[in-house]
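J.: This is the content of input.pdb (PDB, C-alpha atoms and all ligand atoms):
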ATOM      1  CA  MET L 442      37.293  -1.518  -4.018
ATOM      2  CA  THR L 443      36.340  -0.193  -0.627
ATOM      3  CA  ASP L 444      35.440  -1.954   2.605
ATOM      4  CA  SER L 445      33.994   1.161   4.246
ATOM      5  CA  PHE L 446      30.308   0.268   3.789
ATOM      6  CA  ASP L 447      28.410  -0.435   7.001
ATOM      7  CA  ARG L 448      26.838  -3.741   5.972
ATOM      8  CA  SER L 449      24.952  -4.112   9.247
ATOM      9  CA  LYS L 450      22.815  -1.057   8.351
ATOM     10  CA  GLU L 451      21.240  -3.016   5.498
ATOM     11  CA  SER L 452      20.673  -6.215   7.476
ATOM     12  CA  LEU L 453      17.003  -6.861   8.261
ATOM     13  CA  SER L 454      17.753  -9.726  10.662
ATOM     14  CA  ASN L 455      14.892 -12.155  11.086
ATOM     15  CA  ILE L 456      11.780  -9.939  11.039
ATOM     16  CA  LEU L 457      11.156  -8.953   7.432
ATOM     17  CA  HIS L 458       8.007  -6.840   7.629
ATOM     18  CA  MET L 459       5.251  -5.757  10.008
ATOM     19  CA  GLU L 460       2.337  -5.791   7.613
ATOM     20  CA  HIS L 461      -0.761  -4.959   9.585
ATOM     21  CA  VAL L 462      -2.432  -3.978  12.801
ATOM     22  CA  ASN L 463      -5.817  -5.607  13.410
ATOM     23  CA  LEU L 464      -8.386  -3.623  15.393
ATOM     24  CA  ALA L 465     -11.973  -4.827  15.679
ATOM     25  CA  VAL L 466     -14.528  -2.048  15.211
ATOM     26  CA  PRO L 467     -18.253  -1.835  15.895
ATOM     27  CA  ASP L 468     -19.202   0.316  12.883
ATOM     28  CA  GLN L 469     -17.839   0.100   9.319
ATOM     29  CA  LYS L 470     -19.316   3.452   8.311
ATOM     30  CA  LEU L 471     -17.444   5.315  11.037
ATOM     31  CA  ALA L 472     -14.287   3.298  10.264
ATOM     32  CA  THR L 473     -14.561   4.302   6.587
ATOM     33  CA  LEU L 474     -15.012   7.938   7.520
ATOM     34  CA  PHE L 475     -11.913   7.893   9.706
ATOM     35  CA  TYR L 476      -9.438   5.703   7.804
ATOM     36  CA  VAL L 477     -10.497   6.174   4.153
ATOM     37  CA  VAL L 478     -12.029   9.651   4.028
ATOM     38  CA  GLY L 479     -10.256  11.381   6.920
ATOM     39  CA  LEU L 480      -6.816   9.757   6.761
ATOM     40  CA  GLN L 481      -7.129   9.382   2.952
ATOM     41  CA  PHE L 482      -5.878   5.806   2.876
ATOM     42  CA  THR L 483      -7.147   3.265   0.361
ATOM     43  CA  ARG L 484      -9.625   0.487   0.972
ATOM     44  CA  ASP L 485      -8.281  -2.802  -0.345
ATOM     45  CA  PRO L 486     -10.468  -3.418  -3.416
ATOM     46  CA  PHE L 487      -9.737  -7.129  -3.691
ATOM     47  CA  ILE L 488     -10.077  -8.699  -0.238
ATOM     48  CA  MET L 489     -12.596  -8.100   2.587
ATOM     49  CA  ASN L 490     -14.762  -5.853   0.453
ATOM     50  CA  GLY L 491     -18.067  -6.563   2.207
ATOM     51  CA  VAL L 492     -19.717  -4.798   5.114
ATOM     52  CA  ASP L 493     -18.273  -6.898   7.955
ATOM     53  CA  ASN L 494     -14.557  -6.278   7.462
ATOM     54  CA  MET L 495     -12.297  -3.788   5.733
ATOM     55  CA  TRP L 496      -8.593  -3.785   4.972
ATOM     56  CA  VAL L 497      -7.134  -0.320   4.559
ATOM     57  CA  ASN L 498      -3.843   0.145   2.722
ATOM     58  CA  MET L 499      -1.089   2.615   3.523
ATOM     59  CA  GLY L 500       1.964   1.923   1.391
ATOM     60  CA  ARG L 501       3.039  -1.696   1.971
ATOM     61  CA  CYS L 502       1.054  -1.884   5.231
ATOM     62  CA  GLN L 503      -2.553  -2.206   6.296
ATOM     63  CA  VAL L 504      -4.958  -1.741   9.157
ATOM     64  CA  HIS L 505      -7.505  -4.574   9.354
ATOM     65  CA  LEU L 506     -10.910  -3.609  10.710
ATOM     66  CA  PRO L 507     -13.242  -6.556  11.255
ATOM     67  CA  SER L 508     -16.712  -5.822  12.670
ATOM     68  CA  ARG L 509     -17.246  -7.126  16.179
ATOM     69  CA  ASN L 510     -20.163  -4.990  17.296
ATOM     70  CA  PRO L 511     -20.244  -3.776  20.068
ATOM     71  CA  ILE L 512     -16.507  -4.401  20.536
ATOM     72  CA  ALA L 513     -13.964  -1.705  19.707
ATOM     73  CA  GLN L 514     -10.436  -2.943  20.263
ATOM     74  CA  LYS L 515      -7.886  -0.460  21.470
ATOM     75  CA  LEU L 516      -4.155  -0.742  20.937
ATOM     76  CA  ARG L 517      -2.224   0.142  24.061
ATOM     77  CA  GLY L 518       0.037   2.689  22.435
ATOM     78  CA  THR L 519       0.275   4.664  19.223
ATOM     79  CA  VAL L 520       0.470   3.720  15.544
ATOM     80  CA  GLY L 521       2.756   5.886  13.407
ATOM     81  CA  PHE L 522       1.926   6.725   9.794
ATOM     82  CA  VAL L 523       3.694   8.688   7.083
ATOM     83  CA  VAL L 524       1.668  10.612   4.505
ATOM     84  CA  PRO L 525       2.966  12.905   1.776
ATOM     85  CA  ASN L 526       1.356  16.122   2.982
ATOM     86  CA  LEU L 527       0.100  17.107   6.440
ATOM     87  CA  ALA L 528      -1.773  20.188   5.206
ATOM     88  CA  THR L 529      -3.909  18.025   2.909
ATOM     89  CA  LEU L 530      -4.482  15.575   5.745
ATOM     90  CA  GLU L 531      -5.473  18.307   8.176
ATOM     91  CA  SER L 532      -8.051  19.541   5.720
ATOM     92  CA  SER L 533      -9.584  16.090   5.150
ATOM     93  CA  LEU L 534      -9.730  15.437   8.908
ATOM     94  CA  ALA L 535     -11.597  18.735   9.288
ATOM     95  CA  ASP L 536     -14.022  17.551   6.591
ATOM     96  CA  VAL L 537     -14.942  14.348   8.469
ATOM     97  CA  ALA L 538     -15.122  15.956  11.928
ATOM     98  CA  PRO L 539     -18.870  16.800  11.709
ATOM     99  CA  TYR L 540     -19.659  13.166  10.841
ATOM    100  CA  LEU L 541     -17.665  11.884  13.825
ATOM    101  CA  GLU L 542     -19.183  14.077  16.493
ATOM    102  CA  ASN L 543     -20.137  12.197  19.651
ATOM    103  CA  THR L 544     -17.302   9.687  19.139
ATOM    104  CA  SER L 545     -13.754   9.691  20.526
ATOM    105  CA  PHE L 546     -12.473  11.202  17.252
ATOM    106  CA  SER L 547     -10.121  14.153  17.556
ATOM    107  CA  TYR L 548      -7.044  15.536  15.874
ATOM    108  CA  THR L 549      -4.421  18.134  16.690
ATOM    109  CA  ARG L 550      -1.891  19.696  14.369
ATOM    110  CA  LYS L 551       1.583  19.922  15.888
ATOM    111  CA  ASN L 552       4.670  21.419  14.236
ATOM    112  CA  ASP L 553       5.837  18.325  12.427
ATOM    113  CA  HIS L 554       2.985  15.841  12.896
ATOM    114  CA  ILE L 555      -0.728  15.407  13.446
ATOM    115  CA  LYS L 556      -2.082  13.500  16.424
ATOM    116  CA  ALA L 557      -5.339  11.794  15.564
ATOM    117  CA  THR L 558      -7.670   9.598  17.581
ATOM    118  CA  CYS L 559     -10.083   7.197  15.896
ATOM    119  CA  PRO L 560     -13.802   7.124  16.786
ATOM    120  CA  TRP L 561     -13.046   4.465  19.431
ATOM    121  CA  GLY L 562      -9.935   5.957  21.031
ATOM    122  CA  ASN L 563      -7.012   4.452  19.100
ATOM    123  CA  ASN L 564      -4.120   6.883  18.852
ATOM    124  CA  PHE L 565      -2.191   7.716  15.687
ATOM    125  CA  LYS L 566       0.713  10.012  15.012
ATOM    126  CA  ILE L 567       1.053  11.060  11.389
ATOM    127  CA  HIS L 568       4.242  12.459   9.942
ATOM    128  CA  GLU L 569       5.507  13.746   6.634
ATOM    129  CA  PRO L 570       8.345  11.854   4.923
ATOM    130  CA  ALA L 571      11.642  12.331   6.790
ATOM    131  CA  PRO L 572      15.022  10.569   6.974
ATOM    132  CA  GLN L 573      14.034   8.658  10.141
ATOM    133  CA  TYR L 574      11.226   7.021   8.149
ATOM    134  CA  GLY L 575      13.532   5.914   5.372
ATOM    135  CA  THR L 576      12.417   6.588   1.844
ATOM    136  CA  ILE L 577       8.696   6.003   2.328
ATOM    137  CA  ASP L 578       6.169   8.648   1.317
ATOM    138  CA  ILE L 579       3.192   6.683   2.637
ATOM    139  CA  GLY L 580       3.213   3.851   5.155
ATOM    140  CA  MET L 581       3.355   2.636   8.731
ATOM    141  CA  PRO L 582       6.932   3.170   9.976
ATOM    142  CA  TYR L 583       6.279   2.197  13.574
ATOM    143  CA  VAL L 584       3.937   0.871  16.214
ATOM    144  CA  GLU L 585       4.609   2.170  19.707
ATOM    145  CA  LEU L 586       3.439   0.040  22.633
ATOM    146  CA  ASP L 587       3.194   1.286  26.224
ATOM    147  CA  ILE L 588       4.974  -1.111  28.561
ATOM    148  CA  PRO L 589       5.388  -1.121  32.350
ATOM    149  CA  ARG L 590       8.486   0.427  33.932
ATOM    150  CA  GLY L 591      11.525  -1.817  34.208
ATOM    151  CA  THR L 592      10.627  -4.184  31.358
ATOM    152  CA  THR L 593      12.549  -2.685  28.412
ATOM    153  CA  GLU L 594      15.679  -4.795  28.644
ATOM    154  CA  LYS L 595      13.761  -8.022  29.196
ATOM    155  CA  ILE L 596      11.488  -7.357  26.225
ATOM    156  CA  GLY L 597      14.540  -6.564  24.087
ATOM    157  CA  LYS L 598      16.117  -9.840  25.195
ATOM    158  CA  PHE L 599      12.921 -11.739  24.277
ATOM    159  CA  TYR L 600      12.945 -10.479  20.673
ATOM    160  CA  ASP L 601      16.684 -10.975  20.382
ATOM    161  CA  GLU L 602      16.809 -14.529  21.740
ATOM    162  CA  ILE L 603      13.472 -15.861  20.458
ATOM    163  CA  PHE L 604      13.273 -14.095  17.108
ATOM    164  CA  GLY L 605      16.862 -13.190  16.274
ATOM    165  CA  ALA L 606      15.574  -9.644  15.771
ATOM    166  CA  THR L 607      17.706  -6.519  15.636
ATOM    167  CA  VAL L 608      17.079  -4.829  18.976
ATOM    168  CA  GLU L 609      18.235  -1.422  20.121
ATOM    169  CA  LEU L 610      17.714  -0.113  23.644
ATOM    170  CA  LYS L 611      17.263   3.636  23.419
ATOM    171  CA  THR L 612      15.392   6.634  24.800
ATOM    172  CA  ILE L 613      12.291   7.957  23.026
ATOM    173  CA  HIS L 614      10.235  10.886  24.394
ATOM    174  CA  SER L 615      12.517  10.690  27.489
ATOM    175  CA  ASN L 616      11.413   7.104  28.171
ATOM    176  CA  GLU L 617      13.283   3.806  27.984
ATOM    177  CA  CYS L 618      12.496   1.963  24.788
ATOM    178  CA  ALA L 619      13.226  -1.433  23.259
ATOM    179  CA  SER L 620      13.232  -0.738  19.539
ATOM    180  CA  ILE L 621      12.695  -3.870  17.453
ATOM    181  CA  LYS L 622      13.462  -3.610  13.753
ATOM    182  CA  THR L 623      10.541  -5.092  11.822
ATOM    183  CA  GLY L 624      11.556  -4.259   8.276
ATOM    184  CA  LYS L 625      13.224  -1.672   6.125
ATOM    185  CA  SER L 626      12.772   1.569   8.098
ATOM    186  CA  GLN L 627      10.078  -0.002  10.283
ATOM    187  CA  PHE L 628      10.043  -0.593  14.032
ATOM    188  CA  LEU L 629       8.070  -1.935  16.945
ATOM    189  CA  HIS L 630       8.786   0.393  19.851
ATOM    190  CA  PHE L 631       8.180  -0.899  23.361
ATOM    191  CA  LEU L 632       8.101   2.283  25.375
ATOM    192  CA  GLU L 633       8.054   2.469  29.181
ATOM    193  CA  THR L 634       5.262   4.492  30.721
ATOM    194  CA  ASP L 635       3.759   5.162  34.128
ATOM    195  CA  SER L 636       0.227   5.269  32.774
ATOM    196  CA  LYS L 637      -2.165   2.558  33.805
ATOM    197  CA  GLN L 638      -2.568  -0.254  31.282
ATOM    198  CA  ASN L 639      -5.981  -1.186  29.962
ATOM    199  CA  GLN L 640      -6.589  -4.910  30.000
ATOM    200  CA  TYR L 641      -5.434  -6.574  26.770
ATOM    201  CA  ASP L 642      -8.455  -6.959  24.468
ATOM    202  CA  GLY L 643      -7.256  -9.263  21.677
ATOM    203  CA  HIS L 644      -6.069  -6.855  18.965
ATOM    204  CA  HIS L 645      -3.069  -8.066  16.965
ATOM    205  CA  ILE L 646      -0.126  -7.230  14.757
ATOM    206  CA  ALA L 647       1.134  -9.329  11.834
ATOM    207  CA  ILE L 648       4.799  -9.920  11.077
ATOM    208  CA  TYR L 649       6.610 -11.947   8.428
ATOM    209  CA  ILE L 650       9.825 -13.682   9.427
ATOM    210  CA  SER L 651      12.560 -15.400   7.492
ATOM    211  CA  ASP L 652      13.555 -18.160   9.931
ATOM    212  CA  PHE L 653      10.033 -19.437  10.574
ATOM    213  CA  ALA L 654      10.863 -22.637  12.439
ATOM    214  CA  ARG L 655      13.362 -21.740  15.160
ATOM    215  CA  PRO L 656      11.293 -19.014  16.925
ATOM    216  CA  TYR L 657       8.335 -21.395  16.738
ATOM    217  CA  GLU L 658      10.297 -24.199  18.419
ATOM    218  CA  LYS L 659      11.559 -21.863  21.148
ATOM    219  CA  LEU L 660       8.053 -20.588  21.923
ATOM    220  CA  LYS L 661       6.520 -24.072  21.716
ATOM    221  CA  GLU L 662       9.079 -25.351  24.223
ATOM    222  CA  ARG L 663       7.796 -22.688  26.627
ATOM    223  CA  GLY L 664       4.110 -23.403  25.883
ATOM    224  CA  LEU L 665       3.607 -19.987  24.297
ATOM    225  CA  ILE L 666       2.165 -20.873  20.885
ATOM    226  CA  SER L 667      -1.457 -19.715  21.023
ATOM    227  CA  MET L 668      -2.652 -20.747  17.553
ATOM    228  CA  GLU L 669      -1.519 -23.204  14.875
ATOM    229  CA  THR L 670      -3.252 -21.409  12.017
ATOM    230  CA  ASP L 671      -1.896 -23.304   8.998
ATOM    231  CA  GLU L 672       1.406 -24.284   7.445
ATOM    232  CA  TYR L 673       2.380 -20.633   6.905
ATOM    233  CA  GLU L 674       1.251 -19.071  10.180
ATOM    234  CA  TRP L 675       1.328 -19.466  13.939
ATOM    235  CA  ARG L 676       0.518 -17.021  16.702
ATOM    236  CA  PHE L 677       1.644 -16.086  20.184
ATOM    237  CA  THR L 678       0.512 -13.405  22.620
ATOM    238  CA  ASP L 679       2.689 -13.422  25.752
ATOM    239  CA  ILE L 680       6.039 -11.626  25.759
ATOM    240  CA  ILE L 681       7.821 -13.068  28.766
ATOM    241  CA  ASP L 682      10.840 -12.582  30.982
ATOM    242  CA  LEU L 683      13.000 -15.432  29.658
ATOM    243  CA  ASP L 684      14.620 -15.901  33.078
ATOM    244  CA  THR L 685      11.465 -16.158  35.190
ATOM    245  CA  GLY L 686       8.701 -16.971  32.687
ATOM    246  CA  LYS L 687       6.676 -13.983  33.920
ATOM    247  CA  THR L 688       4.472 -12.299  31.292
ATOM    248  CA  LEU L 689       5.699  -8.752  30.670
ATOM    249  CA  PHE L 690       3.258  -7.628  27.972
ATOM    250  CA  GLU L 691       0.494  -9.144  25.872
ATOM    251  CA  ILE L 692      -0.168  -8.514  22.217
ATOM    252  CA  GLU L 693      -1.065 -11.222  19.749
ATOM    253  CA  HIS L 694       1.487 -11.648  16.963
ATOM    254  CA  GLU L 695       0.248 -13.233  13.751
ATOM    255  CA  VAL L 696       3.564 -14.694  12.630
ATOM    256  CA  ARG L 697       3.879 -15.685   8.987
ATOM    257  CA  SER L 698       6.544 -17.243   6.836
ATOM    258  CA  ALA L 699       8.004 -15.490   3.812
ATOM    259  CA  THR L 700       6.459 -18.341   1.795
ATOM    260  CA  HIS L 701       2.951 -17.243   2.856
ATOM    261  CA  PRO L 702       0.876 -16.499  -0.283
ATOM    262  CA  LEU L 703       0.120 -12.978   1.007
ATOM    263  CA  TYR L 704       3.771 -12.051   1.612
ATOM    264  CA  SER L 705       4.755  -8.908  -0.261
ATOM    265  CA  ARG L 706       1.348  -8.742  -1.935
ATOM    266  CA  PRO L 707       1.137  -5.546  -4.025
ATOM    267  CA  LEU L 708      -1.247  -3.085  -2.360
ATOM    268  CA  ILE L 709      -3.234  -0.423  -4.171
ATOM    269  CA  ASN L 710      -2.639   3.125  -2.970
ATOM    270  CA  ARG L 711      -4.722   5.911  -4.463
ATOM    271  CA  ASN L 712      -3.824   9.501  -5.142
ATOM    272  CA  PRO L 713      -5.974  11.329  -2.574
ATOM    273  CA  GLU L 714      -5.839  14.531  -4.643
ATOM    274  CA  GLN L 715      -7.847  12.898  -7.444
ATOM    275  CA  SER L 716     -11.549  13.734  -7.717
ATOM    276  CA  ASN L 717     -14.356  13.702 -10.258
ATOM    277  CA  ARG L 718     -14.156  17.465 -10.576
ATOM    278  CA  GLY L 719     -10.923  18.615 -12.178
ATOM    279  CA  TYR L 720     -10.108  14.982 -12.916
ATOM    280  CA  HIS L 721      -6.524  14.322 -14.030
ATOM    281  CA  PRO L 722      -6.347  11.356 -16.419
ATOM    282  CA  GLY L 723      -3.636   8.894 -15.494
ATOM    283  CA  GLN L 724      -3.243  10.194 -11.936
ATOM    284  CA  ASP L 725      -5.491   7.821  -9.991
ATOM    285  CA  ASN L 726      -2.594   5.950  -8.409
ATOM    286  CA  PHE L 727      -0.404   7.262  -5.624
ATOM    287  CA  ILE L 728       2.891   8.505  -7.016
ATOM    288  CA  GLY L 729       5.681   8.136  -4.499
ATOM    289  CA  GLN L 730       7.674   5.550  -2.631
ATOM    290  CA  ILE L 731       5.920   3.005  -0.464
TER     291      ILE L 731
HETATM  292 FE    FE U 801      -4.259 -10.369  11.004
END
Would you put the structure from the file into structure tokens?
Ligand SMILES: [Fe+2]

T.:
Amino acid sequence: MTDSFDRSKESLSNILHMEHVNLAVPDQKLATLFYVVGLQFTRDPFIMNGVDNMWVNMGRCQVHLPSRNPIAQKLRGTVGFVVPNLATLESSLADVAPYLENTSFSYTRKNDHIKATCPWGNNFKIHEPAPQYGTIDIGMPYVELDIPRGTTEKIGKFYDEIFGATVELKTIHSNECASIKTGKSQFLHFLETDSKQNQYDGHHIAIYISDFARPYEKLKERGLISMETDEYEWRFTDIIDLDTGKTLFEIEHEVRSATHPLYSRPLINRNPEQSNRGYHPGQDNFIGQI
């Protein structure tokens, strides 16, 4: 018997999973071209399969894209993805580029990642599998949010004291960062920046938590619950300085219990290499870890 295992490394604390980012879009065709054709992710075939909303799967995560024409919501930061092969991705982004002319779409290949911007200006950083992203071959390992200078510690304290989250204060891209663990190899990074903040426009993230009641009570006490959705879900938007009550950053959190019917729902991921020409029987599904 040995007692040399670091048990804390395998502790998820209270936030179990950050499942999706929700960004309203004005045009489903352009959204399909970017997320499904360009980024090669998979449209959820079972839910939101009409023309006014689309859920797009990447591993165990999703981006939700409801139509709100003419509104295009813009996350104030960067969403990180992992895909199996950047060369394949670069080629498919080149394929969709002519269809996305006259939009904000762009992409740049860097050494170890691709920076891509959606038709409405949302920023994504796409990586290949690497130890810092755990064992996942396809997924959403992080969401990076741009916060004002001097707020890192207070935001870390908020997630620690309200949510019982695992919080690490660190430096990323030479900036102070409150890194909140949101699942196995998944993080919400609050990153200090000098750049001017756009006004918050209502986009949201969804997290599942184990202790569903205590964070709710703590936020309710402070008047911060913004929606009582149903028995499995509540929402809040304001991340505050717990000492002064001042709002430090706004982003709606769709907070769900682990008893929510959608928790850990299996998501379909396709093999982007598959096509009708040179079809490989039995290889429609993504093979790899999610
Ligand atoms: Fe949502």

J.: Could I get the residue neighbourhood of ligand FE 801 (chain U) at 9 Å, counting all atoms listed in the file, as a list in words?

T.: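 After applying the 9 Å limit, what remains is Glu460, His461, Val462, Asn463, Val504, His505, His644, His645, Ile646, Ala647, His694 and Glu695 of chain L.
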
J.: Between L:Gln469, L:Asn563, L:Asn616, L:Thr678, which is the closest to Gly643 in chain L once you count all atoms listed in the file?

T.: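 The answer is L:Thr678, which sits nearest to Gly643 in chain L.
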
J.: With 12 Å as the cut-off and only C-alpha atoms counted, what is the closest atom pair between each nearby residue of range 541-650 of chain L and range 473-486 of chain L? Distances in Å to one decimal, ordered by chain and number, as CSV.

T.:
residue,atom,partner,partner_atom,distance
L:Leu541,CA,L:Leu474,CA,7.9
L:Glu542,CA,L:Leu474,CA,11.6
L:Thr544,CA,L:Phe475,CA,11.0
L:Ser545,CA,L:Phe475,CA,11.1
L:Phe546,CA,L:Phe475,CA,8.3
L:Ser547,CA,L:Phe475,CA,10.2
L:Tyr548,CA,L:Gly479,CA,10.4
L:Ile555,CA,L:Leu480,CA,10.7
L:Lys556,CA,L:Leu480,CA,11.4
L:Ala557,CA,L:Leu480,CA,9.2
L:Thr558,CA,L:Phe475,CA,9.1
L:Cys559,CA,L:Phe475,CA,6.5
L:Pro560,CA,L:Phe475,CA,7.4
L:Trp561,CA,L:Phe475,CA,10.4
L:Gly562,CA,L:Phe475,CA,11.7
L:Asn563,CA,L:Phe475,CA,11.1
L:Phe565,CA,L:Leu480,CA,10.3
L:Lys566,CA,L:Leu480,CA,11.2
L:Ile567,CA,L:Leu480,CA,9.2
L:His568,CA,L:Leu480,CA,11.8
L:Ile579,CA,L:Phe482,CA,9.1
L:Gly580,CA,L:Phe482,CA,9.6
L:Met581,CA,L:Phe482,CA,11.4

J.: Could you please determine the separation between CA of Gly575 in chain L and CA of His721 in chain L in Å, to one decimal place?

T.: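 Computed distance, CA of Gly575 in chain L to CA of His721 in chain L, equals 29.1 Å.
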
J.: List the residues selected by the PyMOL selection byres (((chain L and resi 488) around 12) and not hetatm) in the file shown, writing them as a list in words.

T.: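 That expression, the PyMOL selection byres (((chain L and resi 488) around 12) and not hetatm), corresponds here to Arg484, Asp485, Pro486, Phe487, Met489, Asn490, Gly491, Val492, Asp493, Asn494, Met495, Trp496, Val497, Asn498, Gln503, His505, Leu703, Arg706, Leu708 and Ile709 of chain L.
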
J.: The PyMOL selection byres (((chain L and resi 659) around 12) and not hetatm) - which residues does that actually catch in the file I just gave you? List them as a list of chain:residue names.

T.: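 Those residues are L:Phe599, L:Tyr600, L:Glu602, L:Ile603, L:Phe604, L:Gly605, L:Asp652, L:Phe653, L:Ala654, L:Arg655, L:Pro656, L:Tyr657, L:Glu658, L:Leu660, L:Lys661, L:Glu662, L:Arg663, L:Gly664, L:Leu665, L:Ile666, L:Phe677, L:Leu683.
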
J.: Could you check how far CA of Arg590 in chain L sits from CA of Gln627 in chain L, in Å to one decimal?

T.: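 CA of Gln627 in chain L lies at a distance of 23.7 Å from CA of Arg590 in chain L.
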
J.: So the first atom is CA of Thr607 in chain L and the second is CA of Tyr641 in chain L; what is the distance between them in Å, to one decimal place?

T.: 25.7 Å

J.: Could you check which of L:Pro713, L:Gly729, L:Pro722, L:Asp601 is closest to Asn455 in chain L, using all atoms listed in the file?

T.: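 Going through L:Pro713, L:Gly729, L:Pro722, L:Asp601 one by one, the smallest distance to Asn455 in chain L is for L:Asp601.
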
J.: Find, counting all atoms listed in the file, the residue in L:Glu633, L:Glu674, L:Glu451, L:Asp725 that gets nearest to Leu610 in chain L.

T.: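 Residue with the minimum atom-to-atom distance to Leu610 in chain L: L:Glu633.
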
J.: Here is a test: counting only C-alpha atoms, which residue of L:Leu457, L:Ile596, L:Leu516, L:Leu586 is nearest to Ser651 in chain L?

T.: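 Among the listed residues, L:Leu457 lies closest to Ser651 in chain L.
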